[in-house]
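So this block is data39.csv, CSV, C-alpha atoms (C1' of nucleotides):
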chain,number,residue,atom,x,y,z
A,1,MET,CA,-32.4,-43.6,3.8
A,2,ALA,CA,-36.0,-43.1,4.9
A,3,GLU,CA,-37.7,-46.4,5.5
A,4,ASP,CA,-41.4,-45.9,6.2
A,5,LYS,CA,-42.8,-42.8,4.8
A,6,GLU,CA,-46.6,-43.0,4.3
A,7,LEU,CA,-47.0,-43.7,0.6
A,8,GLN,CA,-43.4,-43.9,-0.5
A,9,CYS,CA,-41.8,-47.3,-1.0
A,10,ALA,CA,-38.4,-47.7,0.7
A,11,GLU,CA,-36.8,-49.1,-2.3
A,12,CYS,CA,-37.7,-46.3,-4.7
A,13,PRO,CA,-37.1,-43.0,-2.9
A,14,HIS,CA,-37.5,-41.1,-6.1
A,15,HIS,CA,-41.2,-41.7,-6.7
A,16,ILE,CA,-44.3,-42.5,-4.8
A,17,GLU,CA,-46.2,-45.2,-6.4
A,18,CYS,CA,-44.2,-46.8,-9.1
A,19,GLY,CA,-41.6,-49.5,-8.7
A,20,GLY,CA,-44.0,-51.9,-7.1
A,21,LYS,CA,-44.1,-54.4,-9.9
A,22,ASN,CA,-40.7,-55.8,-9.8
A,23,ILE,CA,-39.5,-54.8,-6.4
A,24,GLU,CA,-38.3,-58.3,-5.8
A,25,LEU,CA,-36.4,-58.4,-9.0
A,26,VAL,CA,-34.8,-55.1,-8.3
A,27,LYS,CA,-33.8,-56.0,-4.8
A,28,ARG,CA,-32.3,-59.3,-6.0
A,29,LEU,CA,-30.4,-57.8,-8.9
A,30,ALA,CA,-29.2,-54.6,-7.3
A,31,ASP,CA,-25.9,-55.9,-6.0
A,32,LYS,CA,-25.3,-58.5,-8.6
A,33,ILE,CA,-25.4,-56.2,-11.6
A,34,ILE,CA,-22.3,-55.2,-13.5
A,35,THR,CA,-20.3,-52.5,-11.7
A,36,GLU,CA,-20.0,-49.0,-13.1
A,37,GLU,CA,-16.4,-49.7,-13.8
A,38,GLU,CA,-17.1,-52.8,-15.8
A,39,ALA,CA,-19.9,-51.1,-17.7
A,40,TYR,CA,-17.5,-48.3,-18.6
A,41,TYR,CA,-14.9,-50.7,-20.0
A,42,VAL,CA,-17.5,-52.7,-21.9
A,43,SER,CA,-19.0,-49.6,-23.4
A,44,GLU,CA,-15.5,-48.4,-24.4
A,45,LEU,CA,-14.8,-51.8,-26.0
A,46,PHE,CA,-18.0,-51.5,-28.1
A,47,LYS,CA,-17.2,-47.9,-28.8
A,48,SER,CA,-14.1,-49.1,-30.7
A,49,LEU,CA,-16.4,-51.3,-32.8
A,50,SER,CA,-18.8,-48.4,-33.5
A,51,ASP,CA,-17.0,-46.9,-36.5
A,52,MET,CA,-17.5,-48.1,-40.0
A,53,THR,CA,-13.9,-47.7,-41.0
A,54,ARG,CA,-12.8,-49.7,-38.0
A,55,VAL,CA,-15.3,-52.4,-38.7
A,56,ARG,CA,-14.2,-52.7,-42.2
A,57,ILE,CA,-10.6,-53.0,-41.1
A,58,LEU,CA,-11.4,-55.8,-38.7
A,59,PHE,CA,-13.4,-57.7,-41.3
A,60,CYS,CA,-10.3,-57.4,-43.6
A,61,LEU,CA,-8.1,-58.8,-40.8
A,62,LEU,CA,-10.5,-61.8,-40.3
A,63,GLY,CA,-9.0,-62.9,-43.7
A,64,GLY,CA,-5.5,-63.0,-42.2
A,65,GLU,CA,-2.8,-60.6,-41.0
A,66,MET,CA,-1.9,-57.8,-43.3
A,67,CYS,CA,0.2,-54.6,-43.4
A,68,VAL,CA,-1.2,-51.1,-43.2
A,69,CYS,CA,-0.9,-50.4,-46.9
A,70,ASP,CA,-2.9,-53.5,-47.8
A,71,ILE,CA,-5.6,-52.4,-45.4
A,72,GLN,CA,-5.5,-49.0,-47.0
A,73,GLU,CA,-6.1,-50.6,-50.4
A,74,LEU,CA,-9.0,-52.8,-49.2
A,75,VAL,CA,-10.7,-50.2,-47.2
A,76,GLY,CA,-9.9,-47.3,-49.5
A,77,VAL,CA,-9.2,-44.5,-47.0
A,78,THR,CA,-6.0,-42.5,-46.4
A,79,GLN,CA,-2.9,-43.9,-44.7
A,80,SER,CA,-3.4,-41.5,-41.8
A,81,ALA,CA,-7.0,-42.5,-41.2
A,82,VAL,CA,-6.1,-46.2,-41.2
A,83,SER,CA,-3.2,-45.6,-38.8
A,84,HIS,CA,-5.3,-43.6,-36.4
A,85,GLN,CA,-8.0,-46.2,-36.4
A,86,LEU,CA,-5.5,-49.0,-36.0
A,87,ARG,CA,-4.3,-47.2,-32.9
A,88,THR,CA,-7.8,-47.2,-31.5
A,89,LEU,CA,-8.2,-50.8,-32.2
A,90,LYS,CA,-4.8,-51.6,-30.7
A,91,GLN,CA,-5.7,-49.7,-27.5
A,92,ALA,CA,-8.9,-51.6,-27.2
A,93,GLY,CA,-7.0,-54.9,-27.4
A,94,LEU,CA,-8.8,-55.8,-30.6
A,95,VAL,CA,-5.7,-56.1,-32.8
A,96,LYS,CA,-2.0,-56.8,-32.4
A,97,TYR,CA,0.9,-56.4,-34.7
A,98,ARG,CA,4.4,-57.5,-35.5
A,99,ARG,CA,7.1,-55.7,-37.4
A,100,GLU,CA,8.7,-57.1,-40.6
A,101,GLY,CA,11.2,-54.7,-42.1
A,102,LYS,CA,9.5,-51.5,-42.9
A,103,SER,CA,6.0,-52.9,-42.6
A,104,LEU,CA,3.8,-53.6,-39.6
A,105,TYR,CA,1.6,-56.6,-39.9
A,106,TYR,CA,-1.7,-56.3,-38.0
A,107,SER,CA,-4.0,-59.1,-37.0
A,108,ILE,CA,-7.0,-59.9,-34.9
A,109,ALA,CA,-6.1,-60.1,-31.2
A,110,ASP,CA,-8.2,-63.0,-30.1
A,111,ASP,CA,-11.3,-65.1,-30.6
A,112,HIS,CA,-13.6,-62.7,-28.7
A,113,VAL,CA,-13.2,-60.2,-31.5
A,114,SER,CA,-14.2,-62.7,-34.2
A,115,THR,CA,-17.1,-63.8,-32.1
A,116,MET,CA,-18.4,-60.3,-31.6
A,117,LEU,CA,-18.1,-59.4,-35.2
A,118,ALA,CA,-19.8,-62.6,-36.3
A,119,THR,CA,-22.6,-62.1,-33.9
A,120,GLY,CA,-23.0,-58.5,-34.9
A,121,LEU,CA,-23.2,-59.5,-38.6
A,122,GLU,CA,-25.7,-62.2,-37.8
A,123,HIS,CA,-27.8,-59.7,-35.8
A,124,ILE,CA,-28.1,-57.2,-38.6
A,125,SER,CA,-28.8,-59.9,-41.2
A,126,GLU,CA,-32.2,-60.8,-39.7
B,1,MET,CA,-7.1,-49.8,-64.8
B,2,ALA,CA,-3.5,-49.6,-65.9
B,3,GLU,CA,-1.9,-53.0,-65.9
B,4,ASP,CA,1.8,-52.7,-66.5
B,5,LYS,CA,3.4,-49.4,-65.6
B,6,GLU,CA,7.1,-49.6,-65.0
B,7,LEU,CA,7.4,-49.6,-61.2
B,8,GLN,CA,3.8,-49.5,-60.2
B,9,CYS,CA,1.9,-52.5,-59.3
B,10,ALA,CA,-1.4,-52.9,-61.0
B,11,GLU,CA,-3.3,-53.7,-57.9
B,12,CYS,CA,-2.1,-50.7,-55.9
B,13,PRO,CA,-2.5,-47.6,-58.0
B,14,HIS,CA,-2.0,-45.3,-55.1
B,15,HIS,CA,1.6,-46.1,-54.4
B,16,ILE,CA,4.7,-47.4,-56.1
B,17,GLU,CA,6.5,-49.9,-54.0
B,18,CYS,CA,4.3,-51.0,-51.2
B,19,GLY,CA,1.5,-53.5,-51.4
B,20,GLY,CA,3.6,-56.3,-52.7
B,21,LYS,CA,3.6,-58.4,-49.5
B,22,ASN,CA,0.1,-59.6,-49.5
B,23,ILE,CA,-1.0,-59.0,-53.1
B,24,GLU,CA,-2.5,-62.4,-53.3
B,25,LEU,CA,-4.3,-62.0,-50.0
B,26,VAL,CA,-5.7,-58.6,-51.1
B,27,LYS,CA,-6.8,-59.9,-54.5
B,28,ARG,CA,-8.4,-62.9,-52.9
B,29,LEU,CA,-10.3,-60.9,-50.3
B,30,ALA,CA,-11.2,-57.8,-52.3
B,31,ASP,CA,-14.6,-59.0,-53.4
B,32,LYS,CA,-15.3,-61.2,-50.4
B,33,ILE,CA,-15.1,-58.6,-47.7
B,34,ILE,CA,-18.1,-57.2,-46.0
B,35,THR,CA,-19.9,-54.6,-48.1
B,36,GLU,CA,-19.9,-50.9,-47.1
B,37,GLU,CA,-23.6,-51.2,-46.3
B,38,GLU,CA,-23.1,-54.2,-44.0
B,39,ALA,CA,-20.2,-52.5,-42.3
B,40,TYR,CA,-22.3,-49.4,-41.8
B,41,TYR,CA,-25.1,-51.4,-40.1
B,42,VAL,CA,-22.7,-53.4,-38.0
B,43,SER,CA,-21.0,-50.3,-36.8
B,44,GLU,CA,-24.4,-48.7,-36.0
B,45,LEU,CA,-25.3,-51.8,-34.0
B,46,PHE,CA,-22.1,-51.6,-31.9
B,47,LYS,CA,-22.6,-47.8,-31.6
B,48,SER,CA,-25.8,-48.6,-29.6
B,49,LEU,CA,-23.6,-50.7,-27.3
B,50,SER,CA,-21.0,-47.9,-26.9
B,51,ASP,CA,-22.6,-46.0,-24.1
B,52,MET,CA,-22.2,-46.8,-20.5
B,53,THR,CA,-25.8,-46.1,-19.6
B,54,ARG,CA,-27.1,-48.3,-22.4
B,55,VAL,CA,-24.7,-51.1,-21.4
B,56,ARG,CA,-25.9,-50.9,-17.8
B,57,ILE,CA,-29.6,-51.0,-18.9
B,58,LEU,CA,-28.9,-54.1,-21.0
B,59,PHE,CA,-27.1,-55.9,-18.2
B,60,CYS,CA,-30.1,-55.1,-15.9
B,61,LEU,CA,-32.4,-56.6,-18.5
B,62,LEU,CA,-30.3,-59.8,-18.7
B,63,GLY,CA,-31.8,-60.5,-15.2
B,64,GLY,CA,-35.3,-60.4,-16.7
B,65,GLU,CA,-37.9,-58.0,-18.1
B,66,MET,CA,-38.6,-54.8,-16.1
B,67,CYS,CA,-40.4,-51.5,-16.4
B,68,VAL,CA,-38.8,-48.2,-17.0
B,69,CYS,CA,-38.9,-47.0,-13.4
B,70,ASP,CA,-37.2,-50.2,-12.2
B,71,ILE,CA,-34.4,-49.6,-14.7
B,72,GLN,CA,-34.3,-46.0,-13.5
B,73,GLU,CA,-33.8,-47.3,-9.9
B,74,LEU,CA,-31.1,-49.8,-10.8
B,75,VAL,CA,-29.1,-47.5,-13.1
B,76,GLY,CA,-29.7,-44.4,-11.2
B,77,VAL,CA,-30.3,-41.8,-13.9
B,78,THR,CA,-33.3,-39.7,-14.8
B,79,GLN,CA,-36.4,-41.0,-16.3
B,80,SER,CA,-35.8,-39.0,-19.4
B,81,ALA,CA,-32.3,-40.3,-19.9
B,82,VAL,CA,-33.5,-43.9,-19.5
B,83,SER,CA,-36.3,-43.4,-22.0
B,84,HIS,CA,-34.1,-41.8,-24.6
B,85,GLN,CA,-31.6,-44.6,-24.3
B,86,LEU,CA,-34.3,-47.3,-24.4
B,87,ARG,CA,-35.4,-45.7,-27.7
B,88,THR,CA,-31.9,-46.1,-29.1
B,89,LEU,CA,-31.8,-49.7,-28.0
B,90,LYS,CA,-35.2,-50.4,-29.5
B,91,GLN,CA,-34.2,-48.9,-32.8
B,92,ALA,CA,-31.1,-51.1,-32.9
B,93,GLY,CA,-33.2,-54.2,-32.3
B,94,LEU,CA,-31.5,-54.9,-29.0
B,95,VAL,CA,-34.6,-54.7,-26.8
B,96,LYS,CA,-38.4,-55.1,-27.1
B,97,TYR,CA,-41.3,-54.2,-24.9
B,98,ARG,CA,-44.8,-55.0,-24.0
B,99,ARG,CA,-47.4,-52.8,-22.3
B,100,GLU,CA,-49.1,-53.7,-19.1
B,101,GLY,CA,-51.4,-51.0,-17.7
B,102,LYS,CA,-49.5,-47.8,-17.4
B,103,SER,CA,-46.1,-49.5,-17.5
B,104,LEU,CA,-44.0,-50.7,-20.4
B,105,TYR,CA,-41.9,-53.8,-19.7
B,106,TYR,CA,-38.7,-54.0,-21.6
B,107,SER,CA,-36.6,-57.1,-22.2
B,108,ILE,CA,-33.6,-58.3,-24.3
B,109,ALA,CA,-34.6,-58.8,-27.9
B,110,ASP,CA,-32.7,-62.0,-28.7
B,111,ASP,CA,-29.7,-64.2,-28.0
B,112,HIS,CA,-27.3,-62.2,-30.1
B,113,VAL,CA,-27.5,-59.4,-27.6
B,114,SER,CA,-26.7,-61.7,-24.6
B,115,THR,CA,-23.8,-63.2,-26.6
B,116,MET,CA,-22.3,-59.9,-27.5
B,117,LEU,CA,-22.6,-58.6,-23.9
B,118,ALA,CA,-21.1,-61.8,-22.5
B,119,THR,CA,-18.3,-61.8,-25.0
B,120,GLY,CA,-17.5,-58.1,-24.4
B,121,LEU,CA,-17.4,-58.7,-20.6
B,122,GLU,CA,-15.1,-61.6,-21.1
B,123,HIS,CA,-12.8,-59.6,-23.3
B,124,ILE,CA,-12.4,-56.8,-20.8
B,125,SER,CA,-11.9,-59.3,-17.9
B,126,GLU,CA,-8.6,-60.6,-19.3
C,1,DA,C1',25.2,-40.6,-44.9
C,2,DA,C1',21.4,-39.7,-47.8
C,3,DA,C1',17.2,-40.9,-49.9
C,4,DA,C1',13.1,-43.6,-50.1
C,5,DC,C1',9.7,-46.0,-47.9
C,6,DA,C1',6.1,-47.4,-44.3
C,7,DT,C1',3.8,-46.0,-40.6
C,8,DA,C1',2.7,-43.0,-36.6
C,9,DT,C1',1.3,-38.7,-34.5
C,10,DG,C1',-0.3,-33.9,-33.3
C,11,DA,C1',-3.3,-30.1,-34.2
C,12,DA,C1',-7.5,-28.4,-36.1
C,13,DT,C1',-12.1,-28.7,-37.4
C,14,DA,C1',-16.8,-30.3,-38.6
C,15,DG,C1',-20.1,-33.3,-37.3
C,16,DC,C1',-22.2,-36.3,-34.0
C,17,DT,C1',-24.0,-37.8,-29.1
C,18,DG,C1',-25.9,-37.9,-24.4
C,19,DT,C1',-27.9,-35.4,-21.0
C,20,DT,C1',-31.2,-32.1,-19.1
C,21,DC,C1',-35.4,-29.4,-19.1
C,22,DA,C1',-39.8,-28.7,-20.4
C,23,DT,C1',-43.7,-30.7,-22.1
C,24,DA,C1',-46.7,-34.2,-24.5
C,25,DT,C1',-49.1,-38.7,-24.7
C,26,DA,C1',-51.3,-42.8,-22.9
C,27,DT,C1',-53.4,-45.3,-19.2
C,28,DT,C1',-55.7,-45.8,-14.8
C,29,DA,C1',-58.2,-44.1,-10.6
C,30,DT,C1',-61.4,-41.0,-8.5
D,1,DA,C1',-64.2,-35.4,-16.7
D,2,DT,C1',-60.3,-34.6,-13.8
D,3,DA,C1',-56.2,-35.9,-11.6
D,4,DA,C1',-52.4,-38.8,-11.1
D,5,DT,C1',-49.1,-41.9,-12.9
D,6,DA,C1',-45.8,-43.9,-16.4
D,7,DT,C1',-43.4,-43.0,-20.2
D,8,DA,C1',-42.0,-40.6,-24.5
D,9,DT,C1',-40.4,-36.7,-27.1
D,10,DG,C1',-38.3,-32.2,-28.8
D,11,DA,C1',-35.0,-28.6,-28.3
D,12,DA,C1',-30.7,-27.0,-26.8
D,13,DC,C1',-26.1,-27.3,-25.3
D,14,DA,C1',-21.6,-29.2,-23.8
D,15,DG,C1',-18.5,-32.7,-24.8
D,16,DC,C1',-16.6,-36.2,-27.8
D,17,DT,C1',-14.9,-38.2,-32.5
D,18,DA,C1',-13.2,-39.1,-37.1
D,19,DT,C1',-11.0,-37.1,-40.7
D,20,DT,C1',-7.5,-34.3,-43.0
D,21,DC,C1',-3.1,-32.0,-43.3
D,22,DA,C1',1.4,-31.6,-42.1
D,23,DT,C1',5.2,-33.6,-40.1
D,24,DA,C1',7.9,-36.9,-37.3
D,25,DT,C1',9.8,-41.6,-36.6
D,26,DG,C1',11.8,-45.9,-37.7
D,27,DT,C1',13.6,-49.0,-41.4
D,28,DT,C1',15.9,-50.3,-45.6
D,29,DT,C1',18.4,-49.3,-49.8
D,30,DT,C1',22.0,-47.0,-52.3
Take the structure I supplied and represent it as structure tokens, if you would.
Amino acid sequence: MAEDKELQCAECPHHIECGGKNIELVKRLADKIITEEEAYYVSELFKSLSDMTRVRILFCLLGGEMCVCDIQELVGVTQSAVSHQLRTLKQAGLVKYRREGKSLYYSIADDHVSTMLATGLEHISE
Amino acid sequence: MAEDKELQCAECPHHIECGGKNIELVKRLADKIITEEEAYYVSELFKSLSDMTRVRILFCLLGGEMCVCDIQELVGVTQSAVSHQLRTLKQAGLVKYRREGKSLYYSIADDHVSTMLATGLEHISE
DNA sequence: AAAACATATGAATAGCTGTTCATATATTAT
DNA sequence: ATAATATATGAACAGCTATTCATATGTTTT
């Protein structure tokens, strides 16, 4: 990369004069910041929390494990919709399930999930 | 609502035989669960965390406030894209900014944001 | 084995989202 | 005032998403 063009700063090849304010900060952070791969997985995680139906399902499950038809009752959407969304939540590692006879009992996967939901609810309540 | 049809449970008008396992749980939770409005706002909040570019921007800002062109440098996308995403983050209450001369300095709005990002990162790292 | 039940899945579609391009606004320097 | 800089904004388009409908799978009951 070009290092000493006249008016262009070496750190900011895309523009001429800007970027001078926090050059030190930028340099210091550049290699410490989350990787693209991590950012991708984090965004995918939050994407699974970005749908109203899924959020309602998860808040139901905070009350304890329950089967699909109970969730369907509480959330009030079709069986198919619940099932599709549970699949998304399962793939994101947000819920787990166990089988008991004909029913599958879903529950919150771990404490991270509760924490994120609680923090999110706090944030919108202010 | 019908209370004592032959084979149909009163609580679950949509189906005949299911819903019996956690009737108590369902009844107990039905009026305590998050409202539709709350669920909507929570899902909108997480929706603003559901994009890779926005996540990268926020992790940058965890290192301290910075102006748009610094973010642009670190994240490596166009000025327009950064600006559009900052707008989304601002509307969600995830970032704030102050003006200094020609530049706008953005920063993380409050501790909820850091908590959610940290918890999300923990979750994907397991 | 057949029927009923509980849940999952695939396809299709309407609606939403993120980026880009062009341009506008606000601030500072000349 | 004019030019340059820093950022925001609107329109447009390609790609993604959530629901619905129909159907498949797995389990229990008869």
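Near chain D, within 10 Å and counting only C-alpha atoms (C1' of nucleotides), the residues of chain A are A:Ile16, A:Glu17, A:Cys18, A:Asp51, A:Thr53, A:Val77, A:Thr78, A:Ser80, A:Ala81, A:His84, A:Gln85, A:Glu100, A:Gly101, A:Lys102, A:Ser103.
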Counting all atoms listed in the file, which residues of chain C fall within 9 Å of chain B, and what is the closest atom pair for each with its distance in Å at one decimal, ordered by chain and rising number, as CSV?
residue,atom,partner,partner_atom,distance
C:DC5,C1',B:Glu17,CA,7.9
C:DA6,C1',B:Cys18,CA,8.0
C:DG18,C1',B:Ala81,CA,8.2
C:DT19,C1',B:Ala81,CA,6.7
C:DT20,C1',B:Ser80,CA,8.3
C:DA26,C1',B:Lys102,CA,7.6
C:DT27,C1',B:Lys102,CA,5.0
C:DT28,C1',B:Lys102,CA,7.0
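If all atoms listed in the file are the atoms counted, then among A:Lys32, A:Lys90, A:Lys47, A:Arg54 the closest residue to chain B is A:Lys47.
Nearest residue to chain B among A:Gln72, A:Ser107, A:Thr35, A:Ser43 is A:Ser43, counting only C-alpha atoms.
Compared by their closest atoms to chain B, and using all atoms listed in the file, the residues A:Glu37, A:Val55, A:Ala118, A:Gly76 rank with A:Val55 nearest.
When atom CA of A:Cys67 is paired with atom CA of A:Thr88, their separation reads 16.1 Å.
Rounded to one decimal, atom C1' of C:DC21 and atom CA of B:Cys69 lie 18.8 Å from each other.
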### Message
Considering all atoms listed in the file, can you say which of A:Gln79, A:Ile108, A:Leu62, A:Leu74 comes closest to chain B?
### Response
A:Leu74
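Using only C-alpha atoms, the shortest contact distance between chain A and any of B:Leu89, B:Leu61, B:Leu104, B:Ile34 is found at B:Ile34.
Atom CA of B:Arg56 sits 16.7 Å away from atom CA of B:His123.
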